[in-house]
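J.: There's a structure below that I have some questions on.
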Amino acid sequence: MRSLIPWKRTGDTGMARTGQHPLDPLRNEIATVFDQFFGRPFGAEPWGMEQFWDMDLEEKDNEVVVRAEAPGFEPAEFEVNASGNVLTIRAEHKEGMEKEGEEKEGQPRQWGYRRFERSVTLPTGVDADKAEAHYRNGVLELHLPRTEEARPRRIEVKT
């Protein structure tokens with residue numbers, strides 16, 4: 001029973017906490033399975049940059065605003081599609097990066113590659129035909145206006 005307690009004896013100093021809880025390996029294994037099933041495609045790097053890119057959806061009275069963190073792209077590299085109530089944002093950047101002075105024959109060429117793809121379900125009553133997109137400082141911001149029927153209305157209460 002003592003082997004299950006996350007403490008160990010350290011000579012004359014008494015008890016000291018070990019660096020790892022006995023259930024941490026099991027927790028890590030379960031987290032990996034969930035990440036592979038729900039979060040990342042199989043074989044993706046667990047600590048790649050795509051893990052840190054975020055996407056937010058904010059509902060306002062007159063519009064829906066979608067913000068996607070996607071640093072390192074040019075505006076022309078984005079492809080934004082709305083199909084039904086699903087908004088999909090894709091961006092892909094490929095480039096051959098040769099540094100000055102390293103363009104010698106026989107040296108390997110370095111390539112840069114970045115890819116971003118996110119999808120979000122839009123609320124009903126959004127007019128995707130009138131959407132506007134802006135890309136500044138690594139953040140893509142889409143403004144999708146609501147249709148007139150979907151805008152909230154104040155209803156007067158009478159006595």
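Order determines the names: the first chain of the structure tokens is A, the second B, and so forth; residues in each chain are numbered 1 upward, and ligands are numbered 1 upward as they are shown.
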Could you give me, as a list of chain:residue names, the residues within 7 Å of Arg115 in chain A, counting only C-alpha atoms and dropping anything in the same chain fewer than 5 positions from it?
T.: A:Ala91, A:Glu92, A:His93
J.: For Val64 in chain A, please output as number ranges by chain all residues within 10 Å (counting only C-alpha atoms; exclusion window: fewer than 5 positions along the same chain).
T.: A: 57-59, 122-123, 125-127, 131, 142-146
J.: Using Å and a single decimal, report how far CA of Glu74 in chain A sits from CA of Val139 in chain A.
T.: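 These two atoms are separated by 10.9 Å.
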J.: Have a look at A:Glu29, A:Glu149, A:Asp56, A:Glu117 and name the one nearest to Glu77 in chain A; count only C-alpha atoms.
T.: A:Glu117
J.: Could you give me, as an NGL selection string, the residues within 8 Å of Pro71 in chain A, counting only C-alpha atoms and dropping anything in the same chain fewer than 2 positions from it?
T.: :A and (69 or 73 or 137-139)
J.: Between CA of Glu141 in chain A and CA of Val66 in chain A, what distance in Å does the model show, to one decimal?
T.: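 Interatomic distance, CA of Glu141 in chain A to CA of Val66 in chain A: 5.7 Å.
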J.: Quick one: pull the distance between CA of Arg136 in chain A and CA of Glu63 in chain A, Å, one decimal.
T.: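 According to the coordinates, CA of Arg136 in chain A and CA of Glu63 in chain A are separated by 19.7 Å.
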